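K.L.:
Input file: target-v6.txt. Contents: compact mmCIF, C-alpha atoms.
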```txt
# COMPACT_ATOMS: atom_id res chain seq x y z
CA MET A 7 30.00 34.95 -19.11
CA LYS A 8 28.41 34.40 -15.72
CA ASN A 9 26.16 31.67 -17.18
CA ILE A 10 29.18 29.95 -18.76
CA ILE A 11 30.95 29.95 -15.38
CA LEU A 12 27.89 28.55 -13.60
CA LEU A 13 27.44 25.86 -16.25
CA SER A 14 31.08 24.88 -15.92
CA ILE A 15 30.77 24.60 -12.15
CA CYS A 16 27.67 22.43 -12.53
CA LEU A 17 29.28 20.13 -15.06
CA GLY A 18 32.34 19.83 -12.86
CA MET A 19 30.28 18.93 -9.80
CA GLN A 20 28.16 16.49 -11.84
CA SER A 21 25.39 16.89 -9.31
CA CYS A 22 23.73 20.24 -10.02
CA GLY A 23 19.98 19.69 -10.30
CA LYS A 24 20.33 16.02 -9.38
CA VAL A 25 18.65 14.60 -6.30
CA GLU A 26 20.57 12.45 -3.85
CA LEU A 27 18.42 9.34 -3.28
CA MET A 28 19.22 7.65 0.00
CA PRO A 29 18.11 4.09 0.77
CA SER A 30 16.74 4.33 4.32
CA THR A 31 14.96 2.41 7.01
CA SER A 32 12.05 3.79 8.98
CA HIS A 33 14.36 4.08 12.01
CA GLU A 34 16.73 6.32 10.07
CA ILE A 35 13.85 8.45 8.80
CA MET A 36 12.45 8.85 12.32
CA ALA A 37 15.90 9.91 13.57
CA THR A 38 15.92 12.64 10.93
CA VAL A 39 12.45 13.76 11.98
CA LYS A 40 13.55 13.90 15.62
CA GLU A 41 16.56 16.05 14.76
CA LEU A 42 14.26 18.65 13.20
CA LYS A 43 12.16 19.11 16.35
CA GLY A 44 12.19 22.73 17.36
CA GLU A 45 13.49 23.84 13.97
CA LYS A 46 10.95 22.80 11.37
CA ALA A 47 7.60 21.12 10.98
CA VAL A 48 7.99 17.86 9.04
CA LEU A 49 5.80 16.32 6.35
CA ILE A 50 6.57 12.72 5.38
CA ASN A 51 4.99 11.44 2.17
CA VAL A 52 5.42 7.80 1.16
CA TRP A 53 4.82 7.37 -2.56
CA ALA A 54 5.68 5.24 -5.57
CA LEU A 55 6.00 5.74 -9.32
CA TRP A 56 3.29 3.17 -10.02
CA CYS A 57 0.86 4.81 -7.63
CA ALA A 58 -1.26 7.18 -9.73
CA PRO A 59 -2.70 9.16 -6.79
CA CYS A 60 0.86 9.57 -5.45
CA VAL A 61 2.10 10.98 -8.74
CA GLU A 62 -0.94 13.27 -9.02
CA GLU A 63 -0.45 14.92 -5.65
CA PHE A 64 3.36 15.01 -5.77
CA PRO A 65 3.88 18.43 -7.47
CA MET A 66 1.45 20.06 -5.05
CA ILE A 67 3.44 18.77 -2.09
CA VAL A 68 6.72 19.97 -3.63
CA ASP A 69 5.17 23.44 -4.04
CA LEU A 70 3.97 23.46 -0.43
CA GLY A 71 7.47 22.62 0.74
CA GLU A 72 8.92 25.50 -1.26
CA GLU A 73 6.26 27.87 -0.01
CA HIS A 74 6.84 27.15 3.69
CA HIS A 75 10.45 27.69 4.75
CA ASP A 76 9.78 26.18 8.19
CA LEU A 77 8.47 22.95 6.67
CA GLU A 78 10.74 20.02 5.80
CA VAL A 79 9.21 17.71 3.21
CA ILE A 80 10.55 14.16 3.33
CA PHE A 81 9.56 12.04 0.34
CA ILE A 82 10.11 8.29 0.71
CA SER A 83 9.76 6.17 -2.41
CA ALA A 84 8.38 2.68 -1.92
CA ASP A 85 9.52 1.62 -5.37
CA PHE A 86 11.70 -1.44 -5.85
CA ASP A 87 15.43 -0.81 -6.06
CA ASP A 88 15.55 -1.78 -9.75
CA GLN A 89 13.59 1.42 -10.39
CA ILE A 90 16.06 3.79 -8.72
CA GLY A 91 16.93 5.42 -12.06
CA ASP A 92 13.27 6.13 -12.84
CA VAL A 93 12.68 7.40 -9.31
CA ARG A 94 15.61 9.78 -9.57
CA ALA A 95 14.40 11.03 -12.96
CA PHE A 96 10.89 11.64 -11.59
CA LEU A 97 12.25 13.56 -8.61
CA ASP A 98 14.42 15.69 -10.89
CA GLN A 99 11.51 16.39 -13.22
CA ASN A 100 9.40 17.49 -10.26
CA GLY A 101 11.98 19.87 -8.86
CA VAL A 102 13.26 17.77 -5.96
CA HIS A 103 16.94 18.61 -5.93
CA SER A 104 17.88 17.91 -2.35
CA ILE A 105 18.06 14.63 -0.45
CA SER A 106 15.21 12.20 -0.99
CA TYR A 107 14.71 8.69 0.30
CA ILE A 108 13.87 5.21 -0.95
CA LYS A 109 12.66 2.44 1.33
CA ASP A 110 15.45 0.03 2.22
CA GLU A 111 13.65 -2.27 4.60
CA LYS A 112 11.06 -5.04 4.46
CA ASP A 113 7.49 -3.79 4.25
CA GLU A 114 6.19 -4.71 7.67
CA PRO A 115 8.93 -3.19 9.84
CA PHE A 116 8.94 -0.15 7.57
CA ILE A 117 5.18 0.39 7.87
CA LEU A 118 5.19 -0.17 11.64
CA GLY A 119 8.22 2.11 12.02
CA ILE A 120 6.57 4.98 10.13
CA HIS A 121 3.25 4.59 11.95
CA PRO A 122 1.58 1.47 13.42
CA SER A 123 -1.87 2.58 12.26
CA TRP A 124 -0.83 2.80 8.64
CA THR A 125 -2.18 -0.19 6.66
CA GLY A 126 0.47 0.08 3.93
CA SER A 127 -1.76 1.73 1.34
CA LEU A 128 -0.14 4.47 -0.76
CA PRO A 129 0.15 7.42 -0.65
CA PHE A 130 0.67 7.94 3.05
CA THR A 131 1.19 11.37 4.61
CA ILE A 132 2.09 12.30 8.18
CA LEU A 133 2.78 15.73 9.67
CA TYR A 134 4.86 16.59 12.76
CA ALA A 135 4.61 19.85 14.70
CA LYS A 136 7.54 22.26 14.55
CA ASP A 137 7.98 22.95 18.24
CA SER A 138 6.70 19.84 19.98
CA GLY A 139 7.61 17.28 17.30
CA ASN A 140 4.27 15.60 17.98
CA ILE A 141 2.17 14.08 15.21
CA VAL A 142 -0.47 16.57 14.09
CA ASP A 143 -2.28 14.37 11.59
CA PHE A 144 -1.83 11.49 9.18
CA TRP A 145 -3.82 10.00 6.33
CA GLU A 146 -3.86 7.37 3.64
CA GLY A 147 -4.72 8.11 0.05
CA LYS A 148 -4.77 11.28 -1.99
CA HIS A 149 -6.30 14.27 -0.20
CA PRO A 150 -7.10 17.80 -1.37
CA GLU A 151 -4.60 20.62 -1.05
CA SER A 152 -6.86 22.28 1.50
CA ARG A 153 -6.26 19.46 3.97
CA PHE A 154 -2.50 19.72 3.49
CA ARG A 155 -2.60 23.52 4.00
CA THR A 156 -4.77 23.38 7.09
CA THR A 157 -2.61 20.72 8.71
CA ILE A 158 0.65 22.47 7.79
CA GLU A 159 -0.59 25.68 9.40
CA ILE A 160 -1.37 23.79 12.60
CA ALA A 161 2.01 22.04 12.51
CA LEU A 162 3.86 25.33 12.11
CA LYS A 163 2.16 26.79 15.16
CA SER A 164 2.37 23.74 17.46
CA MET B 22 -5.51 17.41 17.18
CA LEU B 23 -5.41 14.11 15.38
CA LEU B 24 -7.70 13.45 12.51
CA PHE B 25 -6.51 10.16 11.09
CA SER B 26 -8.72 9.14 8.22
CA MET B 27 -8.97 6.11 6.04
CA ASN B 28 -11.43 5.67 3.24
CA GLU B 29 -13.59 3.14 5.03
CA ALA B 30 -14.28 1.35 8.33
CA ALA B 31 -11.46 0.04 10.51
CA GLU B 32 -10.01 -3.27 9.37
CA LEU B 33 -11.89 -6.41 10.25
CA ALA B 34 -10.64 -7.62 13.62
CA ILE B 35 -9.22 -11.10 14.14
CA GLY B 36 -12.03 -13.27 15.45
CA SER B 37 -14.72 -11.40 13.48
CA SER B 38 -17.32 -13.27 11.47
CA MET B 39 -17.12 -13.08 7.69
CA PRO B 40 -19.20 -10.07 6.65
CA GLU B 41 -21.38 -9.75 3.56
CA ASN B 42 -21.05 -13.45 2.75
CA THR B 43 -24.20 -13.35 0.61
CA HIS B 44 -23.24 -10.17 -1.29
CA GLN B 45 -23.69 -10.98 -4.98
CA MET B 46 -20.50 -10.41 -6.92
CA ILE B 47 -19.88 -10.94 -10.62
CA GLU B 48 -17.48 -13.61 -11.74
CA THR B 49 -15.45 -13.24 -14.95
CA ASN B 50 -17.83 -15.66 -16.67
CA GLY B 51 -20.68 -13.25 -15.94
CA LYS B 52 -22.31 -15.39 -13.27
CA ASN B 53 -23.04 -14.27 -9.73
CA LEU B 54 -20.95 -15.59 -6.87
CA THR B 55 -20.89 -14.95 -3.13
CA LEU B 56 -18.28 -15.63 -0.46
CA SER B 57 -20.54 -18.42 0.83
CA ASP B 58 -20.32 -20.08 -2.60
CA ALA B 59 -16.50 -20.01 -2.36
CA LYS B 60 -16.20 -21.46 1.15
CA GLY B 61 -13.98 -24.45 1.72
CA ASP B 62 -14.43 -27.30 4.20
CA LYS B 63 -11.43 -26.17 6.23
CA GLY B 64 -11.53 -22.43 5.56
CA THR B 65 -11.83 -19.60 3.05
CA LEU B 66 -9.17 -17.31 1.62
CA VAL B 67 -10.33 -13.91 0.35
CA ILE B 68 -7.83 -11.90 -1.69
CA PHE B 69 -8.57 -8.28 -2.58
CA SER B 70 -6.80 -7.81 -5.88
CA SER B 71 -6.51 -5.80 -9.07
CA ASN B 72 -5.56 -6.22 -12.71
CA THR B 73 -2.92 -3.53 -12.70
CA CYS B 74 -1.37 -3.02 -9.28
CA PRO B 75 2.38 -3.74 -9.52
CA TRP B 76 2.37 -5.31 -6.07
CA VAL B 77 -0.37 -7.71 -7.15
CA ILE B 78 1.60 -8.53 -10.28
CA ARG B 79 4.63 -9.43 -8.18
CA TRP B 80 2.65 -11.58 -5.80
CA GLU B 81 -0.09 -13.21 -7.90
CA ASP B 82 1.96 -16.21 -9.00
CA ARG B 83 1.76 -17.09 -5.33
CA TYR B 84 -2.06 -16.83 -5.40
CA VAL B 85 -1.97 -19.71 -7.92
CA SER B 86 0.61 -21.83 -6.07
CA ILE B 87 -1.15 -21.40 -2.74
CA THR B 88 -4.44 -22.47 -4.32
CA GLU B 89 -2.75 -25.48 -5.92
CA SER B 90 -1.36 -26.49 -2.54
CA TYR B 91 -4.33 -25.83 -0.30
CA SER B 92 -7.54 -26.06 -2.32
CA PRO B 93 -7.26 -29.86 -2.27
CA LYS B 94 -6.87 -29.60 1.51
CA GLY B 95 -10.16 -27.79 1.98
CA ILE B 96 -9.33 -24.09 1.60
CA GLY B 97 -11.73 -22.22 -0.69
CA VAL B 98 -10.08 -19.33 -2.53
CA ILE B 99 -11.64 -16.26 -4.13
CA ALA B 100 -10.04 -13.09 -5.51
CA VAL B 101 -12.11 -9.92 -5.34
CA ASN B 102 -11.72 -6.77 -7.42
CA SER B 103 -13.22 -3.85 -5.49
CA ASN B 104 -11.81 -1.03 -7.65
CA ALA B 105 -15.31 0.19 -8.49
CA SER B 106 -14.24 3.60 -9.81
CA ARG B 107 -12.17 1.76 -12.44
CA PHE B 108 -14.79 -0.81 -13.53
CA ASP B 109 -15.32 1.16 -16.75
CA GLY B 110 -11.62 1.02 -17.54
CA HIS B 111 -8.65 -1.13 -16.58
CA GLU B 112 -10.61 -3.07 -13.93
CA SER B 113 -13.56 -3.99 -16.19
CA LEU B 114 -14.94 -7.52 -16.22
CA ASP B 115 -13.47 -8.13 -19.68
CA GLU B 116 -10.03 -7.03 -18.47
CA MET B 117 -10.42 -9.21 -15.39
CA ALA B 118 -11.28 -12.22 -17.57
CA ARG B 119 -8.26 -11.59 -19.78
CA HIS B 120 -6.03 -11.14 -16.74
CA ALA B 121 -7.28 -14.34 -15.11
CA ARG B 122 -6.64 -16.30 -18.32
CA ASP B 123 -3.17 -14.83 -18.81
CA LYS B 124 -2.15 -15.52 -15.22
CA LYS B 125 -3.82 -18.95 -15.18
CA TYR B 126 -5.95 -18.20 -12.15
CA ASN B 127 -7.24 -21.45 -10.62
CA PHE B 128 -9.82 -19.73 -8.42
CA PRO B 129 -12.81 -17.46 -9.09
CA TYR B 130 -12.07 -13.77 -9.70
CA VAL B 131 -15.06 -11.55 -9.00
CA GLN B 132 -16.05 -7.93 -9.29
CA ASP B 133 -17.39 -6.31 -6.12
CA PRO B 134 -20.23 -3.90 -7.06
CA GLY B 135 -19.93 -0.61 -5.20
CA SER B 136 -16.82 -1.92 -3.40
CA LYS B 137 -19.28 -3.18 -0.80
CA LEU B 138 -17.20 -6.13 0.30
CA ALA B 139 -14.01 -4.07 0.65
CA LYS B 140 -15.87 -1.51 2.77
CA ALA B 141 -17.28 -4.24 5.02
CA PHE B 142 -13.82 -5.78 5.46
CA GLY B 143 -12.07 -2.45 5.98
CA ALA B 144 -9.76 -3.45 3.14
CA THR B 145 -7.70 -0.54 1.85
CA LYS B 146 -5.30 -1.91 -0.72
CA THR B 147 -4.30 -4.69 -3.07
CA PRO B 148 -3.27 -7.28 -2.41
CA HIS B 149 -4.96 -7.60 0.97
CA ILE B 150 -5.47 -11.09 2.36
CA TYR B 151 -8.13 -12.44 4.74
CA LEU B 152 -8.19 -16.07 5.93
CA PHE B 153 -11.30 -17.46 7.64
CA ASP B 154 -11.74 -20.78 9.42
CA ASN B 155 -14.51 -23.27 8.63
CA LYS B 156 -16.89 -21.42 10.94
CA GLY B 157 -16.32 -18.17 9.05
CA MET B 158 -14.17 -16.57 11.74
CA LEU B 159 -11.19 -14.43 10.69
CA VAL B 160 -7.92 -16.03 11.74
CA TYR B 161 -5.35 -14.18 9.61
CA ARG B 162 -5.21 -10.83 7.87
CA GLY B 163 -2.48 -9.04 5.90
CA ALA B 164 0.20 -10.02 3.41
CA ILE B 165 1.05 -13.21 1.55
CA ASP B 166 4.69 -13.13 2.68
CA ASP B 167 7.54 -10.71 3.36
CA ASN B 168 9.00 -10.44 -0.15
CA ALA B 169 6.87 -9.19 -3.05
CA ARG B 170 9.86 -8.94 -5.31
CA ASP B 171 11.28 -12.47 -5.11
CA ALA B 172 9.36 -15.61 -4.15
CA GLY B 173 12.66 -17.43 -3.79
CA SER B 174 13.89 -15.03 -1.09
CA VAL B 175 10.92 -15.14 1.25
CA ASP B 176 11.93 -15.38 4.90
CA GLU B 177 8.43 -15.49 6.36
CA PRO B 178 5.61 -17.07 4.31
CA PHE B 179 2.95 -15.52 6.56
CA LEU B 180 -0.11 -16.84 4.71
CA ALA B 181 1.16 -20.36 4.06
CA ASN B 182 2.13 -20.65 7.73
CA ALA B 183 -1.34 -19.50 8.83
CA ILE B 184 -3.06 -21.94 6.45
CA GLU B 185 -0.89 -24.85 7.65
CA GLN B 186 -1.74 -24.02 11.25
CA LEU B 187 -5.44 -23.67 10.38
CA ILE B 188 -5.77 -26.99 8.56
CA ASN B 189 -3.83 -28.75 11.32
CA ASP B 190 -6.03 -27.26 14.06
CA GLN B 191 -3.11 -25.38 15.58
CA PRO B 192 -3.19 -21.84 16.98
CA ILE B 193 -2.28 -19.20 14.42
CA GLU B 194 1.09 -17.89 15.61
CA LYS B 195 1.09 -14.67 13.57
CA SER B 196 -2.45 -13.50 12.87
CA THR B 197 -1.68 -10.17 11.21
CA SER B 198 0.99 -8.73 8.95
CA LYS B 199 1.43 -5.63 6.83
CA ALA B 200 2.71 -4.86 3.34
CA ILE B 201 2.74 -1.98 0.89
CA GLY B 202 0.04 -2.04 -1.77
CA CYS B 203 -2.07 -0.04 -4.19
CA SER B 204 -5.02 1.79 -2.69
CA ILE B 205 -8.42 0.33 -3.56
CA LYS B 206 -10.19 2.74 -5.91
CA PHE B 207 -13.53 3.15 -4.16
CA PRO B 208 -16.46 4.75 -6.03
```
For the structure just supplied, provide its representation as structure tokens.

P.N.:
Amino acid sequence: MKNIILLSICLGMQSCGKVELMPSTSHEIMATVKELKGEKAVLINVWALWCAPCVEEFPMIVDLGEEHHDLEVIFISADFDDQIGDVRAFLDQNGVHSISYIKDEKDEPFILGIHPSWTGSLPFTILYAKDSGNIVDFWEGKHPESRFRTTIEIALKS
Amino acid sequence: MLLFSMNEAAELAIGSSMPENTHQMIETNGKNLTLSDAKGDKGTLVIFSSNTCPWVIRWEDRYVSITESYSPKGIGVIAVNSNASRFDGHESLDEMARHARDKKYNFPYVQDPGSKLAKAFGATKTPHIYLFDNKGMLVYRGAIDDNARDAGSVDEPFLANAIEQLINDQPIEKSTSKAIGCSIKFP
């Protein structure tokens, strides 16, 4: 009976289990990061469906976000807007059920707005400290889970 | 603590000399080719590219049109595939030859053994564009333009502007730009 009630609520809301994908500029993303200073460490990961290393590391990052309650994971898709349906499906399949983001800005201002040292290569990851909001580390390309864990631990304590 | 890391050396700085210009690369016809072989009288355009990267696929029609426009005006063009860890698969020489035929490439497309050229340039992704003057000095680095998706909606044709300024002996107004791309698959 309880399951029937829950299912009915979900069907009525039409959004249970579905991610909200927000087109965003780098300025809007950075404003979100700034708001979280003092509350949570932040991990931004820029990815795309066509980027094999991005897709490979994606589930690991989702798991790390779920494991660390003081860590906010912000995924930003760099896919083209005609792929929004596929992006949403991928996020759903990988357990991302909250707000996620898709780039809504030309490449150069977006890249410079996320970090001026980033060349534009995907995936791109950047971590901000919980208390100070300062950048702890950033990297291009796929990296091992150990690097993510080490940097997250530093971010949570900074 | 800040431990920024990229796969290779920092990007080639504007004003640098063309590195590894005698590095033997393999053209799709099986012959060896170097950057020196591809030089033009007015300058040389080096494009790091790939057979499969969706961003290359969106932009590569513009490789062909830029070559059509500027090769007759003295710009040598060469596309380089530095995805060495994929040379046994999708980025093989056979696949490159097929891709070049399908896309009607009007410039040499070469394989970069060991990704040596990409490492020397500090190239990290595809497409990644480097324009040198006739003395082999880097004058522009970055993207082809500001709109991978639609050639008809480009606001800033970065590369074409730089080439026009180069061949007309004018200062390059915008010497660098950035765009999203696929990471180069180093060995």

K.L.:
Tell me which protein, DNA and RNA residues are within 12 Å of Trp76 of chain B, counting only C-alpha atoms, leaving out same-chain ones fewer than 3 positions away, and put them as an NGL selection string.

P.N.:
(:A and (54 or 56-57 or 84-86 or 113 or 126-128)) or (:B and (69-73 or 79-83 or 146-149 or 164-166 or 168-171 or 200-204))

K.L.:
Save the residues we just selected, C-alpha atoms, as a compact mmCIF listing (two decimals), in the coordinates of the input?

P.N.:
```
# COMPACT_ATOMS: atom_id res chain seq x y z
CA ALA A 54 5.68 5.24 -5.57
CA TRP A 56 3.29 3.17 -10.02
CA CYS A 57 0.86 4.81 -7.63
CA ALA A 84 8.38 2.68 -1.92
CA ASP A 85 9.52 1.62 -5.37
CA PHE A 86 11.70 -1.44 -5.85
CA ASP A 113 7.49 -3.79 4.25
CA GLY A 126 0.47 0.08 3.93
CA SER A 127 -1.76 1.73 1.34
CA LEU A 128 -0.14 4.47 -0.76
CA PHE B 69 -8.57 -8.28 -2.58
CA SER B 70 -6.80 -7.81 -5.88
CA SER B 71 -6.51 -5.80 -9.07
CA ASN B 72 -5.56 -6.22 -12.71
CA THR B 73 -2.92 -3.53 -12.70
CA ARG B 79 4.63 -9.43 -8.18
CA TRP B 80 2.65 -11.58 -5.80
CA GLU B 81 -0.09 -13.21 -7.90
CA ASP B 82 1.96 -16.21 -9.00
CA ARG B 83 1.76 -17.09 -5.33
CA LYS B 146 -5.30 -1.91 -0.72
CA THR B 147 -4.30 -4.69 -3.07
CA PRO B 148 -3.27 -7.28 -2.41
CA HIS B 149 -4.96 -7.60 0.97
CA ALA B 164 0.20 -10.02 3.41
CA ILE B 165 1.05 -13.21 1.55
CA ASP B 166 4.69 -13.13 2.68
CA ASN B 168 9.00 -10.44 -0.15
CA ALA B 169 6.87 -9.19 -3.05
CA ARG B 170 9.86 -8.94 -5.31
CA ASP B 171 11.28 -12.47 -5.11
CA ALA B 200 2.71 -4.86 3.34
CA ILE B 201 2.74 -1.98 0.89
CA GLY B 202 0.04 -2.04 -1.77
CA CYS B 203 -2.07 -0.04 -4.19
CA SER B 204 -5.02 1.79 -2.69
```

K.L.:
Go ahead and compute the interatomic distance for atom CA of Thr49 of chain B and atom CA of Gln132 of chain B, in Å to one decimal.

P.N.:
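Distance between the two atoms: 7.8 Å.
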
K.L.:
From the set A:Gly147, A:Lys46, A:Ser164, A:Thr38, which residue has the shortest atom-to-atom contact distance to Phe207 of chain B, counting all atoms listed in the file?

P.N.:
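Using all atoms listed in the file, the shortest distance to Phe207 of chain B belongs to A:Gly147.
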
K.L.:
Using atom CA of Lys206 of chain B and atom CA of Ala59 of chain B as the two end points, give the distance in Å to one decimal.

P.N.:
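For atom CA of Lys206 of chain B relative to atom CA of Ala59 of chain B, the distance reads 23.9 Å.
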
K.L.:
In Å, how far is it from atom CA of Met46 of chain B to atom CA of Leu138 of chain B?

P.N.:
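Computed distance, atom CA of Met46 of chain B to atom CA of Leu138 of chain B, equals 9.0 Å.
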
K.L.:
Find the residues in chain A near chain B: any atom within 12 Å counts, using only C-alpha atoms. Write them as number ranges by chain.

P.N.:
A: 52-60, 83-88, 109, 111-119, 121-135, 140-149, 153, 156-157, 160-161, 164

K.L.:
Nearest to Phe108 of chain B: which of B:Ser136, B:Asn42, B:Asn189, B:Asn182 is it, counting only C-alpha atoms?

P.N.:
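Smallest distance to Phe108 of chain B is found for B:Ser136.
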
K.L.:
Step by step: start from the point (-16.6, -16.8, 5.2) in the file's coordinates, keep every protein, DNA or RNA residue that has an atom no farther than 10 Å from it, count only C-alpha atoms, and write the set as a count of residues only.

P.N.:
27

K.L.:
Which residue, B:Ser86, B:Ile47, B:Asp109, B:Ile78, has the smallest gap to Asp123 of chain B when you use all atoms listed in the file?

P.N.:
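Comparing B:Ser86, B:Ile47, B:Asp109, B:Ile78 against Asp123 of chain B, the winner is B:Ile78.
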
K.L.:
Compute the distance from (-9.9, -6.2, -14.6) to each atom, counting all atoms listed in the file, keep the residues with any atom at most 9 Å away, and return them as a count of residues only; use the coordinates of the file.

P.N.:
21

K.L.:
Please provide the set of residues having any atom within 8 Å of Asn100 of chain A, restricted to only C-alpha atoms, with same-chain residues fewer than 3 positions apart removed, written as a tab-separated table (two decimals) with C-alpha atoms, in the frame of the given file.

P.N.:
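Below is the file that was written, out-v3.tsv:
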```tsv
chain	number	residue	atom	x	y	z
A	64	PHE	CA	3.36	15.01	-5.77
A	65	PRO	CA	3.88	18.43	-7.47
A	68	VAL	CA	6.72	19.97	-3.63
A	96	PHE	CA	10.89	11.64	-11.59
A	97	LEU	CA	12.25	13.56	-8.61
```

K.L.:
Save segment 146-165 of chain B of the structure in the block above to a file, with C-alpha atoms included, as a PDB file, in the first residue's frame.

P.N.:
```
ATOM      1  CA  LYS B 146      43.097  18.447 -27.303  1.00  0.00           C
ATOM      2  CA  THR B 147      41.557  18.270 -30.736  1.00  0.00           C
ATOM      3  CA  PRO B 148      41.115  20.408 -32.597  1.00  0.00           C
ATOM      4  CA  HIS B 149      43.998  22.602 -31.463  1.00  0.00           C
ATOM      5  CA  ILE B 150      45.346  25.147 -33.925  1.00  0.00           C
ATOM      6  CA  TYR B 151      48.832  26.659 -34.268  1.00  0.00           C
ATOM      7  CA  LEU B 152      49.701  29.281 -36.895  1.00  0.00           C
ATOM      8  CA  PHE B 153      53.348  30.112 -37.623  1.00  0.00           C
ATOM      9  CA  ASP B 154      54.757  32.919 -39.753  1.00  0.00           C
ATOM     10  CA  ASN B 155      57.249  32.398 -42.588  1.00  0.00           C
ATOM     11  CA  LYS B 156      60.135  32.460 -40.118  1.00  0.00           C
ATOM     12  CA  GLY B 157      58.567  29.644 -38.103  1.00  0.00           C
ATOM     13  CA  MET B 158      57.467  31.860 -35.218  1.00  0.00           C
ATOM     14  CA  LEU B 159      54.119  31.152 -33.531  1.00  0.00           C
ATOM     15  CA  VAL B 160      51.677  33.991 -34.104  1.00  0.00           C
ATOM     16  CA  TYR B 161      48.314  32.412 -33.222  1.00  0.00           C
ATOM     17  CA  ARG B 162      47.194  29.505 -31.082  1.00  0.00           C
ATOM     18  CA  GLY B 163      43.755  28.148 -30.162  1.00  0.00           C
ATOM     19  CA  ALA B 164      40.429  27.651 -31.915  1.00  0.00           C
ATOM     20  CA  ILE B 165      39.248  27.992 -35.496  1.00  0.00           C
TER      21      ILE B 165
END
```
